[in-house]
file my_file.pdb (PDB, C-alpha atoms)
ATOM      1  CA  MET A 291     -98.458-109.309 -25.481
ATOM      2  CA  THR A 292     -95.672-110.104 -23.026
ATOM      3  CA  PRO A 293     -96.912-110.910 -19.501
ATOM      4  CA  PRO A 294     -95.860-108.270 -16.914
ATOM      5  CA  ASP A 295     -93.512-110.615 -15.015
ATOM      6  CA  THR A 296     -91.794-111.595 -18.270
ATOM      7  CA  ALA A 297     -91.497-107.934 -19.298
ATOM      8  CA  ALA A 298     -89.842-107.071 -15.973
ATOM      9  CA  ALA A 299     -87.432-110.008 -16.287
ATOM     10  CA  ASP A 300     -86.650-109.052 -19.896
ATOM     11  CA  CYS A 301     -85.758-105.527 -18.757
ATOM     12  CA  ALA A 302     -83.560-106.844 -15.951
ATOM     13  CA  PHE A 303     -81.685-109.188 -18.304
ATOM     14  CA  MET A 304     -81.328-106.415 -20.897
ATOM     15  CA  ASP A 305     -79.806-104.222 -18.178
ATOM     16  CA  GLU A 306     -77.074-106.858 -17.878
ATOM     17  CA  ALA A 307     -76.542-106.853 -21.646
ATOM     18  CA  LEU A 308     -76.265-103.051 -21.505
ATOM     19  CA  LYS A 309     -73.415-103.436 -18.974
ATOM     20  CA  GLU A 310     -71.603-105.593 -21.530
ATOM     21  CA  ALA A 311     -72.221-102.961 -24.237
ATOM     22  CA  ARG A 312     -70.693-100.274 -22.018
ATOM     23  CA  SER A 313     -67.707-102.551 -21.452
ATOM     24  CA  ALA A 314     -67.319-102.919 -25.225
ATOM     25  CA  ALA A 315     -67.380 -99.123 -25.663
ATOM     26  CA  GLU A 316     -64.712 -98.705 -22.979
ATOM     27  CA  ALA A 317     -62.560-101.188 -24.913
ATOM     28  CA  GLY A 318     -63.026 -99.225 -28.144
ATOM     29  CA  GLU A 319     -65.406-101.772 -29.657
ATOM     30  CA  VAL A 320     -68.795-101.068 -31.197
ATOM     31  CA  PRO A 321     -70.929-101.172 -28.037
ATOM     32  CA  VAL A 322     -73.013-104.303 -28.347
ATOM     33  CA  GLY A 323     -73.439-106.596 -25.371
ATOM     34  CA  ALA A 324     -75.326-109.836 -24.799
ATOM     35  CA  VAL A 325     -76.307-112.324 -22.115
ATOM     36  CA  ALA A 326     -77.686-115.862 -22.356
ATOM     37  CA  VAL A 327     -80.398-116.927 -19.924
ATOM     38  CA  TRP A 328     -81.249-120.506 -19.069
ATOM     39  CA  GLU A 329     -83.746-121.517 -16.402
ATOM     40  CA  GLY A 330     -84.073-117.915 -15.271
ATOM     41  CA  ARG A 331     -80.370-117.232 -14.701
ATOM     42  CA  ILE A 332     -77.548-115.762 -16.744
ATOM     43  CA  ILE A 333     -75.147-118.488 -17.837
ATOM     44  CA  ALA A 334     -72.969-116.501 -20.269
ATOM     45  CA  ARG A 335     -72.060-112.887 -21.053
ATOM     46  CA  ALA A 336     -70.255-111.353 -23.984
ATOM     47  CA  ARG A 337     -69.468-108.137 -25.791
ATOM     48  CA  ASN A 338     -68.128-107.244 -29.205
ATOM     49  CA  ARG A 339     -64.421-108.127 -29.579
ATOM     50  CA  VAL A 340     -63.896-107.601 -33.314
ATOM     51  CA  GLU A 341     -61.056-105.073 -32.976
ATOM     52  CA  GLU A 342     -59.449-106.818 -30.017
ATOM     53  CA  ALA A 343     -59.445-110.223 -31.732
ATOM     54  CA  LEU A 344     -58.943-108.865 -35.268
ATOM     55  CA  ASP A 345     -61.776-111.186 -36.243
ATOM     56  CA  ALA A 346     -64.965-110.048 -37.975
ATOM     57  CA  THR A 347     -66.889-112.964 -36.445
ATOM     58  CA  CYS A 348     -66.322-111.847 -32.860
ATOM     59  CA  HIS A 349     -69.687-110.117 -32.528
ATOM     60  CA  ALA A 350     -71.193-110.220 -29.046
ATOM     61  CA  GLU A 351     -73.764-112.810 -30.120
ATOM     62  CA  MET A 352     -71.195-115.160 -31.640
ATOM     63  CA  GLU A 353     -68.981-114.902 -28.559
ATOM     64  CA  LEU A 354     -72.049-115.535 -26.400
ATOM     65  CA  LEU A 355     -73.119-118.657 -28.279
ATOM     66  CA  ARG A 356     -69.614-120.126 -27.934
ATOM     67  CA  ARG A 357     -69.550-119.420 -24.195
ATOM     68  CA  CYS A 358     -73.073-120.705 -23.703
ATOM     69  CA  ALA A 359     -72.293-123.962 -25.495
ATOM     70  CA  ALA A 360     -69.153-124.413 -23.382
ATOM     71  CA  GLU A 361     -71.085-123.737 -20.176
ATOM     72  CA  ARG A 362     -73.865-126.170 -21.066
ATOM     73  CA  GLY A 363     -71.742-128.767 -22.826
ATOM     74  CA  ASP A 364     -74.168-128.699 -25.751
ATOM     75  CA  TRP A 365     -74.549-126.552 -28.861
ATOM     76  CA  ARG A 366     -78.349-126.980 -28.844
ATOM     77  CA  MET A 367     -80.047-124.085 -27.072
ATOM     78  CA  GLU A 368     -83.781-124.799 -27.394
ATOM     79  CA  ASP A 369     -84.339-123.557 -23.836
ATOM     80  CA  VAL A 370     -81.994-120.543 -23.928
ATOM     81  CA  ASP A 371     -82.993-116.905 -24.374
ATOM     82  CA  VAL A 372     -80.473-114.393 -25.728
ATOM     83  CA  PHE A 373     -80.628-110.722 -24.758
ATOM     84  CA  VAL A 374     -78.626-108.389 -26.986
ATOM     85  CA  THR A 375     -78.520-104.604 -27.111
ATOM     86  CA  LYS A 376     -78.780-104.265 -30.928
ATOM     87  CA  GLU A 377     -80.743-106.348 -33.403
ATOM     88  CA  PRO A 378     -78.488-109.165 -34.635
ATOM     89  CA  CYS A 379     -76.992-109.100 -38.130
ATOM     90  CA  ALA A 380     -77.440-111.917 -40.656
ATOM     91  CA  MET A 381     -74.388-113.828 -39.383
ATOM     92  CA  CYS A 382     -75.496-113.722 -35.763
ATOM     93  CA  ALA A 383     -79.168-114.394 -36.488
ATOM     94  CA  GLY A 384     -78.159-117.373 -38.637
ATOM     95  CA  ALA A 385     -75.959-118.711 -35.852
ATOM     96  CA  MET A 386     -78.885-118.421 -33.425
ATOM     97  CA  VAL A 387     -81.095-120.364 -35.822
ATOM     98  CA  ASN A 388     -78.419-123.056 -36.179
ATOM     99  CA  ALA A 389     -77.930-123.175 -32.396
ATOM    100  CA  ARG A 390     -81.704-123.467 -31.981
ATOM    101  CA  VAL A 391     -81.965-120.542 -29.568
ATOM    102  CA  ARG A 392     -85.490-120.317 -28.171
ATOM    103  CA  ARG A 393     -85.809-116.538 -28.140
ATOM    104  CA  VAL A 394     -83.780-113.432 -28.922
ATOM    105  CA  VAL A 395     -84.683-110.167 -27.237
ATOM    106  CA  TYR A 396     -82.946-107.070 -28.547
ATOM    107  CA  GLY A 397     -82.837-103.404 -27.652
ATOM    108  CA  VAL A 398     -82.473-101.187 -30.685
ATOM    109  CA  PRO A 399     -83.643-102.346 -34.116
ATOM    110  CA  ASP A 400     -81.284-102.081 -37.076
ATOM    111  CA  PRO A 401     -83.295-101.109 -40.170
ATOM    112  CA  ARG A 402     -80.211-101.342 -42.408
ATOM    113  CA  SER A 403     -78.904-104.797 -41.514
ATOM    114  CA  GLY A 404     -80.975-106.256 -38.678
ATOM    115  CA  ALA A 405     -81.903-109.854 -39.389
ATOM    116  CA  CYS A 406     -84.656-110.431 -36.837
ATOM    117  CA  GLY A 407     -87.323-108.691 -38.869
ATOM    118  CA  SER A 408     -86.088-105.165 -39.629
ATOM    119  CA  ALA A 409     -84.074-105.555 -42.860
ATOM    120  CA  LEU A 410     -84.194-109.357 -43.076
ATOM    121  CA  ASN A 411     -86.056-112.028 -41.147
ATOM    122  CA  ILE A 412     -83.602-114.871 -40.780
ATOM    123  CA  THR A 413     -84.860-115.822 -37.307
ATOM    124  CA  GLY A 414     -88.392-116.324 -38.599
ATOM    125  CA  PHE A 415     -87.761-117.533 -42.123
ATOM    126  CA  PRO A 416     -90.275-120.342 -42.796
ATOM    127  CA  GLY A 417     -87.825-122.480 -44.808
ATOM    128  CA  MET A 418     -85.376-122.851 -41.925
ATOM    129  CA  LEU A 419     -85.336-125.964 -39.757
ATOM    130  CA  TRP A 420     -85.707-123.785 -36.640
ATOM    131  CA  GLN A 421     -87.296-120.424 -35.969
ATOM    132  CA  VAL A 422     -86.141-118.183 -33.151
ATOM    133  CA  GLU A 423     -88.819-116.115 -31.468
ATOM    134  CA  ALA A 424     -87.710-112.482 -31.711
ATOM    135  CA  ALA A 425     -88.780-109.414 -29.735
ATOM    136  CA  GLY A 426     -87.292-105.948 -30.004
ATOM    137  CA  GLY A 427     -87.482-102.602 -28.268
ATOM    138  CA  VAL A 428     -86.498-103.692 -24.746
ATOM    139  CA  ARG A 429     -84.489-100.839 -23.219
ATOM    140  CA  GLU A 430     -84.299 -99.420 -26.748
ATOM    141  CA  SER A 431     -83.621 -95.855 -25.643
ATOM    142  CA  GLU A 432     -80.701 -96.859 -23.426
ATOM    143  CA  ALA A 433     -79.179 -99.094 -26.108
ATOM    144  CA  ARG A 434     -79.575 -96.371 -28.748
ATOM    145  CA  THR A 435     -77.932 -93.778 -26.500
ATOM    146  CA  ILE A 436     -74.896 -96.008 -25.891
ATOM    147  CA  LEU A 437     -74.461 -96.556 -29.642
ATOM    148  CA  GLN A 438     -74.987 -92.877 -30.531
ATOM    149  CA  ASP A 439     -72.579 -91.659 -27.846
ATOM    150  CA  PHE A 440     -69.930 -94.110 -29.034
ATOM    151  CA  PHE A 441     -70.159 -93.086 -32.690
ATOM    152  CA  ARG A 442     -70.313 -89.397 -31.757
ATOM    153  CA  GLN A 443     -67.000 -89.850 -29.917
ATOM    154  CA  VAL A 444     -65.502 -91.780 -32.844
ATOM    155  CA  ARG A 445     -66.452 -88.984 -35.258
ATOM    156  CA  ALA A 446     -65.066 -86.322 -32.918
ATOM    157  CA  ARG A 447     -61.746 -88.158 -32.613
ATOM    158  CA  SER A 448     -61.466 -88.600 -36.368
ATOM    159  CA  LYS A 449     -62.021 -84.852 -36.927
ATOM    160  CA  THR A 450     -59.203 -83.902 -34.566
ATOM    161  CA  ARG A 451     -56.747 -86.489 -35.825
ATOM    162  CA  THR A 452     -54.233 -85.183 -38.339
ATOM    163  CA  LEU A 453     -53.554 -87.519 -41.169
ATOM    164  CA  PRO A 454     -49.901 -88.136 -41.989
ATOM    165  CA  ALA A 455     -48.580 -86.800 -45.258
ATOM    166  CA  PRO A 456     -48.539 -89.408 -48.001
ATOM    167  CA  PRO A 457     -45.148 -91.015 -48.561
ATOM    168  CA  ILE A 458     -43.040 -89.518 -51.309
ATOM    169  CA  ASP A 459     -42.576 -91.873 -54.211
ATOM    170  CA  GLU A 460     -38.882 -91.355 -54.876
ATOM    171  CA  THR A 461     -38.993 -93.317 -58.125
ATOM    172  CA  ARG A 462     -41.415 -90.781 -59.583
ATOM    173  CA  GLU A 463     -39.214 -87.906 -58.449
ATOM    174  CA  LYS A 464     -36.181 -89.360 -60.258
ATOM    175  CA  ASP A 465     -38.115 -89.850 -63.495
ATOM    176  CA  SER A 466     -39.018 -86.164 -63.753
TER     177      SER A 466
END

call {"tool": "encode", "arguments": {"input": "my_file.pdb", "output": "structure tokens"}}
result
Amino acid sequence: MTPPDTAAADCAFMDEALKEARSAAEAGEVPVGAVAVWEGRIIARARNRVEEALDATCHAEMELLRRCAAERGDWRMEDVDVFVTKEPCAMCAGAMVNARVRRVVYGVPDPRSGACGSALNITGFPGMLWQVEAAGGVRESEARTILQDFFRQVRARSKTRTLPAPPIDETREKDS
């Protein structure tokens, strides 16, 4: 059971991660946001930038770990807590294990590809050299709504978009 003061702080930090998720949505990115907390204060913020950077590794968590390491001057994060709006995938959970993050707190679980206990449990896998404490469900409803609204808008745009006609293969026309 999380102590009440920790639960209140977790909600406040998740609210900041939700701001980053909204920023990602405004930029046309899948709305996932994250913050890193050290000694009770936010030291790094990030959002998804996959489309912007044309780089599949630019998930919010990966961006956050890079910024956190730069801020601290150390890749080891044994005393850092990460707050992220959606349960991290295998890549991000693995990076948190390798960075030795103390704790990851996420909003909405991802039963299909979440790697903090939903689909996989990379953060708590006993064979790893480090285990990351994981807790989910903080501001879950808000995080879920942001994701659902984003994908609802994406689907609506794709329904109204007219696809261009396929190019005519002139070589096939001449052969006939």

call {"tool": "axis_aligned_box", "arguments": {"input": "my_file.pdb", "around": "range 427-446 of chain A", "padding_each_side": "4 Å", "output": "AutoDock Vina command-line options"}}
result
--center_x -76.3 --center_y -95.0 --center_z -29.2 --size_x 30.4 --size_y 25.4 --size_z 20.0

call {"tool": "residues_around", "arguments": {"input": "my_file.pdb", "residues": "range 397-411 of chain A", "least_positions_apart": "4", "cutoff": "6 Å", "atoms": "all atoms listed in the file", "output": "short mmCIF file (atom, residue, chain, number, x, y, z; two decimals) with C-alpha atoms, in the coordinates of the input"}}
result
data_model
loop_
_atom_site.label_atom_id
_atom_site.label_comp_id
_atom_site.auth_asym_id
_atom_site.auth_seq_id
_atom_site.Cartn_x
_atom_site.Cartn_y
_atom_site.Cartn_z
CA THR A 375 -78.52 -104.60 -27.11
CA LYS A 376 -78.78 -104.26 -30.93
CA GLU A 377 -80.74 -106.35 -33.40
CA PRO A 378 -78.49 -109.16 -34.64
CA CYS A 379 -76.99 -109.10 -38.13
CA ALA A 380 -77.44 -111.92 -40.66
CA PHE A 415 -87.76 -117.53 -42.12
CA GLY A 426 -87.29 -105.95 -30.00
CA GLY A 427 -87.48 -102.60 -28.27
CA VAL A 428 -86.50 -103.69 -24.75
CA ARG A 429 -84.49 -100.84 -23.22
CA GLU A 430 -84.30 -99.42 -26.75
CA ALA A 433 -79.18 -99.09 -26.11
CA ARG A 434 -79.58 -96.37 -28.75
#

call {"tool": "resolve_selection", "arguments": {"input": "my_file.pdb", "expression": "the PyMOL selection byres ((chain A and resi 391-395) around 7)", "output": "NGL selection string"}}
result
:A and (367-374 or 386-387 or 389-390 or 396 or 422-426)

call {"tool": "residues_around", "arguments": {"input": "my_file.pdb", "residues": "Trp365 in chain A", "least_positions_apart": "5", "cutoff": "10 Å", "atoms": "only C-alpha atoms", "output": "PDB file with C-alpha atoms, keeping the file's coordinate frame"}}
result
ATOM      1  CA  LEU A 355     -73.119-118.657 -28.279  1.00  0.00           C
ATOM      2  CA  ARG A 356     -69.614-120.126 -27.934  1.00  0.00           C
ATOM      3  CA  ARG A 357     -69.550-119.420 -24.195  1.00  0.00           C
ATOM      4  CA  CYS A 358     -73.073-120.705 -23.703  1.00  0.00           C
ATOM      5  CA  ALA A 359     -72.293-123.962 -25.495  1.00  0.00           C
ATOM      6  CA  ALA A 360     -69.153-124.413 -23.382  1.00  0.00           C
ATOM      7  CA  ASN A 388     -78.419-123.056 -36.179  1.00  0.00           C
ATOM      8  CA  ALA A 389     -77.930-123.175 -32.396  1.00  0.00           C
ATOM      9  CA  ARG A 390     -81.704-123.467 -31.981  1.00  0.00           C
ATOM     10  CA  VAL A 391     -81.965-120.542 -29.568  1.00  0.00           C
TER      11      VAL A 391
END

call {"tool": "resolve_selection", "arguments": {"input": "my_file.pdb", "expression": "the PyMOL selection byres ((chain A and resi 308) around 12)", "output": "PyMOL selection string"}}
result
chain A and resi 301-307+309-315+321-325+335-338+350+373-376+396-398+428-437

call {"tool": "atom_distance", "arguments": {"input": "my_file.pdb", "atom1": "CA of Val327 in chain A", "atom2": "CA of Gly417 in chain A"}}
result
26.6 Å

call {"tool": "closest_residue", "arguments": {"input": "my_file.pdb", "among": "A:Asp295, A:Glu361, A:Glu342, A:Asp300", "to": "Gly318 in chain A", "atoms": "only C-alpha atoms"}}
result
A:Glu342

call {"tool": "closest_residue", "arguments": {"input": "my_file.pdb", "among": "A:Val320, A:Met418, A:Cys348, A:Cys382", "to": "Val444 in chain A", "atoms": "all atoms listed in the file"}}
result
A:Val320

call {"tool": "atom_distance", "arguments": {"input": "my_file.pdb", "atom1": "CA of Phe440 in chain A", "atom2": "CA of His349 in chain A"}}
result
16.4 Å
